[in-house]
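J.: Dropping in start-v6.txt, which is compact mmCIF, C-alpha atoms:
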```txt
# COMPACT_ATOMS: atom_id res chain seq x y z
CA MET A 1330 -67.50 -9.77 42.45
CA LYS A 1331 -67.84 -10.10 38.68
CA GLU A 1332 -64.16 -10.90 38.48
CA ASP A 1333 -64.62 -13.57 41.17
CA GLY A 1334 -67.33 -15.14 39.04
CA LYS A 1335 -65.03 -15.15 36.04
CA LEU A 1336 -62.27 -16.71 38.08
CA ILE A 1337 -64.60 -19.41 39.39
CA ASP A 1338 -65.80 -20.20 35.86
CA PHE A 1339 -62.23 -20.44 34.74
CA LEU A 1340 -61.29 -22.73 37.64
CA THR A 1341 -64.32 -24.97 37.12
CA LYS A 1342 -63.56 -25.39 33.43
CA ARG A 1343 -59.93 -26.15 34.13
CA LEU A 1344 -60.64 -28.59 36.93
CA GLU A 1345 -63.43 -30.50 35.25
CA GLY A 1346 -62.37 -29.98 31.67
CA ASN A 1347 -60.61 -33.20 30.86
CA ALA A 1348 -63.07 -35.80 32.09
CA SER A 1349 -62.93 -39.02 30.16
CA GLY A 1350 -64.71 -42.37 30.10
CA ASP A 1351 -66.36 -44.15 32.99
CA PRO A 1352 -65.71 -43.03 36.54
CA PRO A 1353 -63.04 -45.01 38.39
CA ARG A 1354 -64.03 -48.17 40.27
CA LEU A 1355 -67.57 -48.02 38.90
CA ASP A 1356 -67.84 -51.84 38.90
CA ALA A 1357 -66.83 -52.08 42.54
CA ILE A 1358 -69.28 -49.33 43.49
CA LEU A 1359 -72.14 -51.03 41.65
CA ARG A 1360 -71.29 -54.42 43.20
CA GLU A 1361 -71.50 -52.88 46.65
CA ALA A 1362 -74.71 -51.08 45.64
CA THR A 1363 -76.30 -54.37 44.55
CA ALA A 1364 -75.31 -56.10 47.78
CA CYS A 1365 -76.64 -53.20 49.87
CA ALA A 1366 -79.91 -53.11 47.92
CA ARG A 1367 -80.41 -56.86 48.52
CA ALA A 1368 -79.65 -56.49 52.22
CA ARG A 1369 -82.10 -53.60 52.48
CA SER A 1370 -84.78 -55.58 50.70
CA ARG A 1371 -84.27 -58.52 53.11
CA VAL A 1372 -84.55 -56.19 56.10
CA ARG A 1373 -87.71 -54.64 54.62
CA ARG A 1374 -89.31 -58.09 54.15
CA LEU A 1375 -88.37 -59.04 57.71
CA HIS A 1376 -89.93 -55.84 59.05
CA MET A 1377 -93.11 -56.54 57.07
CA CYS A 1378 -93.29 -60.07 58.53
CA ILE A 1379 -92.81 -58.74 62.06
CA TRP A 1380 -95.41 -56.01 61.64
CA GLY A 1381 -97.84 -58.36 59.91
CA GLY A 1382 -97.49 -60.91 62.73
CA ALA A 1383 -97.92 -58.26 65.40
CA LEU A 1384 -101.04 -56.93 63.65
CA ALA A 1385 -102.55 -60.41 63.31
CA ALA A 1386 -101.83 -61.14 66.99
CA ALA A 1387 -103.44 -57.85 68.02
CA ALA A 1388 -106.53 -58.58 65.91
CA LEU A 1389 -106.81 -62.07 67.43
CA ALA A 1390 -106.49 -60.65 70.93
CA VAL A 1391 -109.30 -58.13 70.28
CA ILE A 1392 -111.56 -60.90 68.94
CA CYS A 1393 -110.87 -63.08 72.00
CA ILE A 1394 -111.61 -60.21 74.40
CA PHE A 1395 -114.96 -59.55 72.69
CA SER A 1396 -115.97 -63.19 72.59
CA VAL A 1397 -115.23 -63.64 76.34
CA HIS A 1398 -116.86 -60.46 77.66
CA VAL A 1399 -119.80 -60.04 75.34
CA GLN A 1400 -122.03 -63.12 75.88
CA PRO A 1401 -124.91 -63.66 73.48
CA HIS A 1402 -127.96 -62.39 75.41
CA PRO A 1403 -131.41 -61.76 73.89
CA LEU A 1404 -132.81 -58.30 74.53
CA PRO A 1405 -135.76 -58.43 76.95
CA SER A 1406 -139.16 -57.53 75.56
CA GLU A 1407 -141.32 -54.88 77.26
CA GLY A 1408 -143.54 -57.54 78.85
CA ASP A 1409 -140.50 -59.37 80.25
CA ALA A 1410 -139.21 -56.17 81.81
CA VAL A 1411 -142.56 -55.47 83.50
CA ARG A 1412 -142.77 -59.03 84.81
CA GLU A 1413 -139.23 -58.83 86.17
CA VAL A 1414 -139.96 -55.58 88.04
CA ALA A 1415 -143.16 -57.07 89.42
CA SER A 1416 -141.42 -60.19 90.68
CA GLN A 1417 -138.64 -58.08 92.27
CA LYS A 1418 -141.28 -56.01 93.99
CA ALA A 1419 -143.11 -59.10 95.14
CA SER A 1420 -139.99 -60.68 96.62
CA SER A 1421 -139.09 -57.40 98.37
CA ASN A 1422 -142.63 -57.19 99.73
CA ASP A 1423 -142.30 -60.75 101.07
CA VAL A 1424 -139.07 -59.87 102.88
CA VAL A 1425 -140.59 -56.74 104.40
CA ALA A 1426 -143.67 -58.65 105.46
CA ASP A 1427 -141.46 -61.29 107.13
CA VAL A 1428 -139.54 -58.60 109.02
CA ILE A 1429 -142.78 -57.00 110.17
CA ASP A 1430 -144.05 -60.41 111.35
CA ILE A 1431 -140.87 -61.00 113.34
CA LEU A 1432 -141.07 -57.56 114.90
CA ARG A 1433 -144.75 -58.10 115.68
CA THR A 1434 -144.06 -61.35 117.50
CA VAL A 1435 -141.20 -60.18 119.71
CA ASP A 1436 -141.63 -62.11 122.98
CA GLY A 1437 -144.65 -63.69 121.41
CA ASP A 1438 -146.73 -60.47 121.71
CA ASP A 1439 -148.26 -58.68 118.78
CA LEU A 1440 -147.15 -55.11 118.32
CA GLU A 1441 -149.51 -52.25 118.52
CA GLU A 1442 -150.87 -50.72 115.31
CA ASP A 1443 -148.90 -47.40 115.67
CA GLU A 1444 -145.66 -49.35 116.37
CA THR A 1445 -146.08 -51.14 113.04
CA SER A 1446 -146.18 -47.86 111.19
CA GLU A 1447 -142.92 -46.79 112.91
CA VAL A 1448 -141.29 -49.97 111.70
CA GLU A 1449 -142.43 -49.21 108.22
CA ILE A 1450 -140.94 -45.71 108.45
CA LEU A 1451 -137.67 -47.18 109.65
CA LEU A 1452 -137.66 -49.59 106.75
CA ALA A 1453 -138.26 -46.71 104.37
CA TRP A 1454 -134.79 -45.33 105.32
CA GLN A 1455 -133.09 -48.47 104.14
CA ASP A 1456 -131.41 -49.16 100.82
CA ALA A 1457 -133.04 -49.12 97.43
CA PRO A 1458 -134.70 -52.58 97.35
CA TYR A 1459 -136.36 -51.92 100.67
CA GLU A 1460 -137.23 -48.44 99.62
CA ASN A 1461 -138.99 -49.87 96.61
CA ALA A 1462 -140.73 -52.38 98.79
CA VAL A 1463 -141.81 -49.83 101.35
CA SER A 1464 -143.06 -47.44 98.72
CA GLY A 1465 -145.01 -50.40 97.39
CA LEU A 1466 -146.49 -50.97 100.82
CA PHE A 1467 -147.42 -47.31 101.17
CA SER A 1468 -149.02 -47.28 97.79
CA GLU A 1469 -151.02 -50.33 98.74
CA ASN A 1470 -152.27 -48.44 101.79
CA MET B 935 -83.45 -36.25 32.26
CA GLU B 936 -84.28 -37.50 35.70
CA GLU B 937 -83.49 -35.35 38.70
CA ASP B 938 -80.59 -36.40 40.92
CA ALA B 939 -82.88 -36.83 43.90
CA GLN B 940 -85.19 -39.11 41.89
CA LEU B 941 -82.22 -41.27 40.89
CA LEU B 942 -81.04 -41.55 44.47
CA PHE B 943 -84.56 -42.34 45.69
CA ALA B 944 -84.98 -44.94 42.92
CA TYR B 945 -81.91 -46.71 44.22
CA ALA B 946 -82.73 -46.27 47.92
CA ARG B 947 -86.35 -47.43 47.66
CA ARG B 948 -86.42 -49.87 44.76
CA GLY B 949 -82.80 -50.95 44.70
CA ASP B 950 -82.46 -49.70 41.10
CA VAL B 951 -78.70 -50.01 40.56
CA GLN B 952 -78.88 -48.48 37.07
CA SER B 953 -80.18 -45.25 38.58
CA LEU B 954 -77.21 -45.22 40.90
CA ALA B 955 -74.83 -45.85 37.99
CA ALA B 956 -76.34 -42.86 36.19
CA LEU B 957 -75.85 -40.75 39.30
CA VAL B 958 -72.21 -41.83 39.68
CA ARG B 959 -71.50 -40.98 36.03
CA ARG B 960 -73.21 -37.62 36.32
CA HIS B 961 -71.30 -36.55 39.42
CA ALA B 962 -67.93 -38.19 38.79
CA THR B 963 -66.14 -35.26 37.18
CA TRP B 964 -66.67 -32.58 39.77
CA MET B 965 -66.25 -35.04 42.62
CA GLN B 966 -62.87 -36.13 41.32
CA ALA B 967 -61.88 -32.48 40.93
CA LEU B 968 -62.97 -31.81 44.52
CA LEU B 969 -60.96 -34.75 45.81
CA ARG B 970 -57.92 -33.82 43.74
CA GLY B 971 -58.00 -30.41 45.39
CA MET B 972 -58.43 -31.83 48.87
CA LEU B 973 -56.07 -34.78 48.91
CA PRO B 974 -52.33 -34.21 49.04
CA VAL B 975 -51.59 -37.48 47.23
CA ALA B 976 -53.14 -37.68 43.77
CA ALA B 977 -52.99 -41.47 43.79
CA ASP B 978 -55.54 -41.51 46.63
CA VAL B 979 -58.26 -39.81 44.61
CA ASP B 980 -59.72 -43.03 43.17
CA ASP B 981 -59.71 -44.75 46.57
CA VAL B 982 -61.55 -41.86 48.22
CA PHE B 983 -63.90 -41.54 45.26
CA GLN B 984 -64.86 -45.19 45.71
CA GLU B 985 -65.13 -44.77 49.48
CA THR B 986 -67.42 -41.75 49.00
CA TRP B 987 -69.84 -43.72 46.84
CA MET B 988 -69.69 -46.71 49.18
CA ARG B 989 -70.82 -44.39 51.98
CA VAL B 990 -73.58 -42.95 49.81
CA VAL B 991 -74.77 -46.45 48.93
CA ARG B 992 -74.75 -47.66 52.54
CA ALA B 993 -76.59 -44.59 53.82
CA ALA B 994 -78.97 -44.31 50.84
CA SER B 995 -82.02 -45.20 52.91
CA SER B 996 -81.36 -42.29 55.27
CA TYR B 997 -81.37 -39.73 52.42
CA ARG B 998 -84.43 -37.52 52.99
CA GLY B 999 -84.35 -35.37 49.87
CA GLY B 1000 -82.70 -32.02 49.19
CA ARG B 1001 -80.00 -31.04 46.73
CA VAL B 1002 -77.86 -34.02 45.85
CA ARG B 1003 -74.63 -32.31 44.81
CA PRO B 1004 -74.00 -30.53 48.14
CA TYR B 1005 -74.95 -33.77 49.91
CA LEU B 1006 -72.38 -35.71 47.87
CA ALA B 1007 -69.78 -32.99 48.43
CA THR B 1008 -70.30 -33.29 52.17
CA VAL B 1009 -69.84 -37.07 52.04
CA ALA B 1010 -66.75 -36.70 49.81
CA ARG B 1011 -65.18 -34.15 52.14
CA SER B 1012 -65.80 -36.35 55.14
CA ALA B 1013 -64.31 -39.38 53.34
CA ALA B 1014 -61.26 -37.32 52.33
CA ILE B 1015 -60.71 -36.07 55.88
CA ASP B 1016 -61.01 -39.62 57.28
CA HIS B 1017 -58.60 -40.88 54.64
CA MET B 1018 -56.01 -38.19 55.44
CA ARG B 1019 -56.41 -38.85 59.16
CA ARG B 1020 -55.82 -42.57 58.61
CA ALA B 1021 -52.83 -41.87 56.40
CA ARG B 1022 -51.39 -39.54 59.01
CA MET B 1023 -51.84 -42.19 61.69
CA THR B 1024 -50.26 -45.01 59.70
CA VAL B 1025 -47.36 -43.27 57.96
CA SER B 1026 -45.17 -40.56 59.37
CA LEU B 1027 -43.75 -38.37 56.65
CA ASP B 1028 -40.79 -37.63 58.95
CA ASP B 1029 -39.53 -41.19 58.54
CA GLU B 1030 -36.37 -41.04 56.56
CA ASP B 1031 -36.69 -44.50 55.13
CA GLY B 1032 -39.40 -46.96 54.15
CA GLU B 1033 -43.03 -46.00 53.54
CA GLY B 1034 -42.72 -42.60 55.18
CA ALA B 1035 -40.05 -41.47 52.75
CA ALA B 1036 -42.04 -42.76 49.77
CA ALA B 1037 -45.15 -40.96 50.94
CA ALA B 1038 -43.20 -37.78 51.60
CA ALA B 1039 -41.73 -37.97 48.13
CA SER B 1040 -45.19 -38.27 46.61
CA VAL B 1041 -46.45 -35.28 48.59
CA VAL B 1042 -43.52 -32.95 48.00
CA ASP B 1043 -43.78 -31.32 44.65
CA GLU B 1044 -40.46 -31.37 42.92
CA GLY B 1045 -41.57 -29.05 40.14
CA PRO B 1046 -40.98 -25.33 39.94
CA TYR B 1047 -42.37 -22.91 42.53
CA PRO B 1048 -45.99 -21.90 41.98
CA ASP B 1049 -45.13 -18.42 40.69
CA GLU B 1050 -42.97 -19.90 37.97
CA ALA B 1051 -45.35 -22.71 37.18
CA PHE B 1052 -48.31 -20.42 36.64
CA GLU B 1053 -46.65 -18.40 33.97
CA SER B 1054 -48.32 -20.49 31.31
CA ARG B 1055 -51.66 -20.14 33.20
CA SER B 1056 -53.51 -22.38 30.89
CA THR B 1057 -53.28 -26.01 31.96
CA SER B 1058 -55.63 -27.59 34.42
CA GLU B 1059 -52.66 -28.99 36.29
CA ASP B 1060 -51.50 -25.44 37.00
CA VAL B 1061 -54.86 -24.59 38.45
CA ARG B 1062 -54.86 -27.73 40.56
CA GLN B 1063 -51.42 -26.90 41.80
CA ALA B 1064 -52.50 -23.37 42.66
CA ILE B 1065 -55.43 -24.69 44.65
CA ARG B 1066 -53.20 -27.18 46.42
CA VAL B 1067 -50.92 -24.42 47.76
CA LEU B 1068 -53.82 -22.49 49.29
CA PRO B 1069 -54.19 -22.67 53.09
CA GLU B 1070 -56.44 -25.49 54.31
CA GLY B 1071 -59.53 -23.42 55.25
CA PRO B 1072 -59.75 -21.18 52.16
CA ARG B 1073 -58.98 -24.19 49.92
CA GLN B 1074 -61.86 -26.23 51.36
CA VAL B 1075 -64.31 -23.32 51.15
CA LEU B 1076 -63.32 -22.68 47.52
CA LEU B 1077 -63.64 -26.35 46.55
CA LEU B 1078 -66.98 -26.84 48.29
CA ARG B 1079 -68.23 -23.66 46.63
CA ILE B 1080 -67.12 -24.33 43.07
CA GLU B 1081 -67.22 -28.13 42.99
CA GLY B 1082 -69.78 -28.95 45.64
CA ASP B 1083 -72.12 -26.15 44.52
CA MET B 1084 -72.80 -25.40 48.16
CA SER B 1085 -74.05 -22.09 49.52
CA PHE B 1086 -71.83 -20.27 51.99
CA LYS B 1087 -74.35 -21.02 54.70
CA GLU B 1088 -74.14 -24.74 53.92
CA ILE B 1089 -70.34 -24.55 53.83
CA ALA B 1090 -70.25 -22.75 57.18
CA GLU B 1091 -72.49 -25.42 58.72
CA GLU B 1092 -70.52 -28.26 57.20
CA MET B 1093 -67.18 -26.89 58.37
CA SER B 1094 -68.55 -25.68 61.73
CA ILE B 1095 -67.34 -22.13 61.17
CA PRO B 1096 -69.18 -18.78 61.28
CA LEU B 1097 -70.68 -17.58 58.02
CA GLY B 1098 -68.39 -14.54 58.06
CA THR B 1099 -65.32 -16.78 58.23
CA ALA B 1100 -66.52 -18.81 55.25
CA LEU B 1101 -66.95 -15.61 53.23
CA THR B 1102 -63.56 -14.28 54.31
CA TRP B 1103 -61.85 -17.55 53.41
CA MET B 1104 -63.49 -17.53 49.99
CA ARG B 1105 -62.24 -14.00 49.44
CA THR B 1106 -58.75 -15.02 50.58
CA ALA B 1107 -58.78 -18.03 48.26
CA THR B 1108 -59.86 -16.08 45.17
CA ARG B 1109 -57.33 -13.27 45.83
CA LYS B 1110 -54.51 -15.73 46.32
CA LEU B 1111 -55.46 -17.68 43.25
CA ARG B 1112 -55.60 -14.52 41.17
CA ASP B 1113 -52.10 -13.65 42.38
CA LEU B 1114 -50.83 -17.14 41.73
CA LEU B 1115 -52.39 -17.44 38.31
CA GLY B 1116 -50.97 -14.10 37.26
CA GLY B 1117 -52.75 -11.98 34.75
CA MET B 1118 -55.68 -14.32 34.14
CA LYS B 1119 -58.79 -12.17 33.59
```
Will you turn the file into structure tokens for me?

T.:
Amino acid sequence: MKEDGKLIDFLTKRLEGNASGDPPRLDAILREATACARARSRVRRLHMCIWGGALAAAALAVICIFSVHVQPHPLPSEGDAVREVASQKASSNDVVADVIDILRTVDGDDLEEDETSEVEILLAWQDAPYENAVSGLFSEN
Amino acid sequence: MEEDAQLLFAYARRGDVQSLAALVRRHATWMQALLRGMLPVAADVDDVFQETWMRVVRAASSYRGGRVRPYLATVARSAAIDHMRRARMTVSLDDEDGEGAAAAASVVDEGPYPDEAFESRSTSEDVRQAIRVLPEGPRQVLLLRIEGDMSFKEIAEEMSIPLGTALTWMRTATRKLRDLLGGMK
């Protein structure tokens, strides 16, 4: 192994021993290197333009989406919220009262008192607005 | 002194041609020695040397770090193999006239047989000649090891051979060279 090392040292010295001057074709290599470096720089600039454009377009798209979907809307105050609920309740109560009137005047006859309460129970099974209305009616009673 | 990898990165990233020139100068000697050992026609060494650096320059942006000398040795070997393949395709050495005969004449060594030539054992040309007469596999392993500074594992990967084969070929090459170069110790 030691002898192999000696042999390799010997070979390396002999093979590389008489190096002289500039490497061959250095000018041609450097010309090609300059051309390649310029081409690479052009490609890099082009990539930056493409990425920059894509980024700007994406930012613009996000801004447009926000401006279309998020309308300027003032936050309601506590008083406004209470008034709104009250008016909803009132309109629901009106509808329920109308229905009860119609049911009462089927064939022109007024319904009996206990029949009215059944109607109210039936209405209580309906959807949320009616439910609200009916609960309002019950609370009034 | 700047590291080889820094020089190559300086060229690849900033287009610093002076860094590349420094790298070419630094690695010219061993690379020429490697090519002289690989190529059968000495006149082709400069062409393949240039081709090797052209390839390095064109692929500079794909260099991802690591030891530069083995990387360059790999590129040089590949350029040499391509060159020999092209030469084999374009010129048949069996042609008795024209280019084939000229090429054959340049390949065939008209000097004395290796055993006689190595009696002096001192000139670099003798050593080159000794390496040239080695079988293809052992010769490439030896050159990549001593000129390319590659590990046996790297050589095995580069040549697509098992690690054991690379080691055996190196052993064969050194034994044969010792025989050819006579009593050199």

J.: Go through chain B residue by residue and, counting all atoms listed in the file, keep those with an atom at most 6 Å from chain A; for each kept residue give the shortest atom pair and its distance in Å to one decimal, ordered by chain and increasing number, as CSV.

T.:
```
residue,atom,partner,partner_atom,distance
B:Gly949,CA,A:Ala1366,CA,4.8
B:Ala962,CA,A:Pro1352,CA,5.8
B:Thr963,CA,A:Glu1345,CA,5.8
B:Trp964,CA,A:Glu1345,CA,5.9
B:Ala967,CA,A:Leu1344,CA,5.7
B:Val991,CA,A:Ala1362,CA,5.7
B:Ser1058,CA,A:Arg1343,CA,4.5
```

J.: Could the residues in this selection be written to a file with C-alpha atoms, as a PDB file, in the frame of the given file?

T.:
```
ATOM      1  CA  GLY B 949     -82.800 -50.950  44.700  1.00  0.00           C
ATOM      2  CA  ALA B 962     -67.930 -38.190  38.790  1.00  0.00           C
ATOM      3  CA  THR B 963     -66.140 -35.260  37.180  1.00  0.00           C
ATOM      4  CA  TRP B 964     -66.670 -32.580  39.770  1.00  0.00           C
ATOM      5  CA  ALA B 967     -61.880 -32.480  40.930  1.00  0.00           C
ATOM      6  CA  VAL B 991     -74.770 -46.450  48.930  1.00  0.00           C
ATOM      7  CA  SER B1058     -55.630 -27.590  34.420  1.00  0.00           C
TER       8      SER B1058
END
```

J.: Counting all atoms listed in the file, figure out which residue out of B:Leu1076, B:Leu941, B:Ile1065, B:Ala1013 gets nearest to Trp987 in chain B.

T.: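 Looking only at the distances to Trp987 in chain B, the closest residue turns out to be B:Ala1013.
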
J.: Find the smallest box with edges along x, y and z containing every listed atom of range 1352-1367 of chain A, then add 6 Å on each side and report centre and edge lengths in Å to one decimal, as JSON.

T.:
```
{"center_x": -71.7, "center_y": -49.9, "center_z": 43.2, "size_x": 29.4, "size_y": 25.8, "size_z": 25.3}
```

J.: Would you mind reading off the distance between CA of Val1061 in chain B and CA of Leu1115 in chain B, one decimal, in Å?

T.: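 According to the coordinates, CA of Val1061 in chain B and CA of Leu1115 in chain B are separated by 7.6 Å.
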
J.: Find the distance between CA of Asp981 in chain B and CA of Leu1006 in chain B and write it in Å to one decimal.

T.: 15.6 Å

J.: Provide the CA of Met988 in chain B to CA of Asp1083 in chain B distance in Å, to one decimal place.

T.: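 Separating CA of Met988 in chain B from CA of Asp1083 in chain B is a distance of 21.2 Å.
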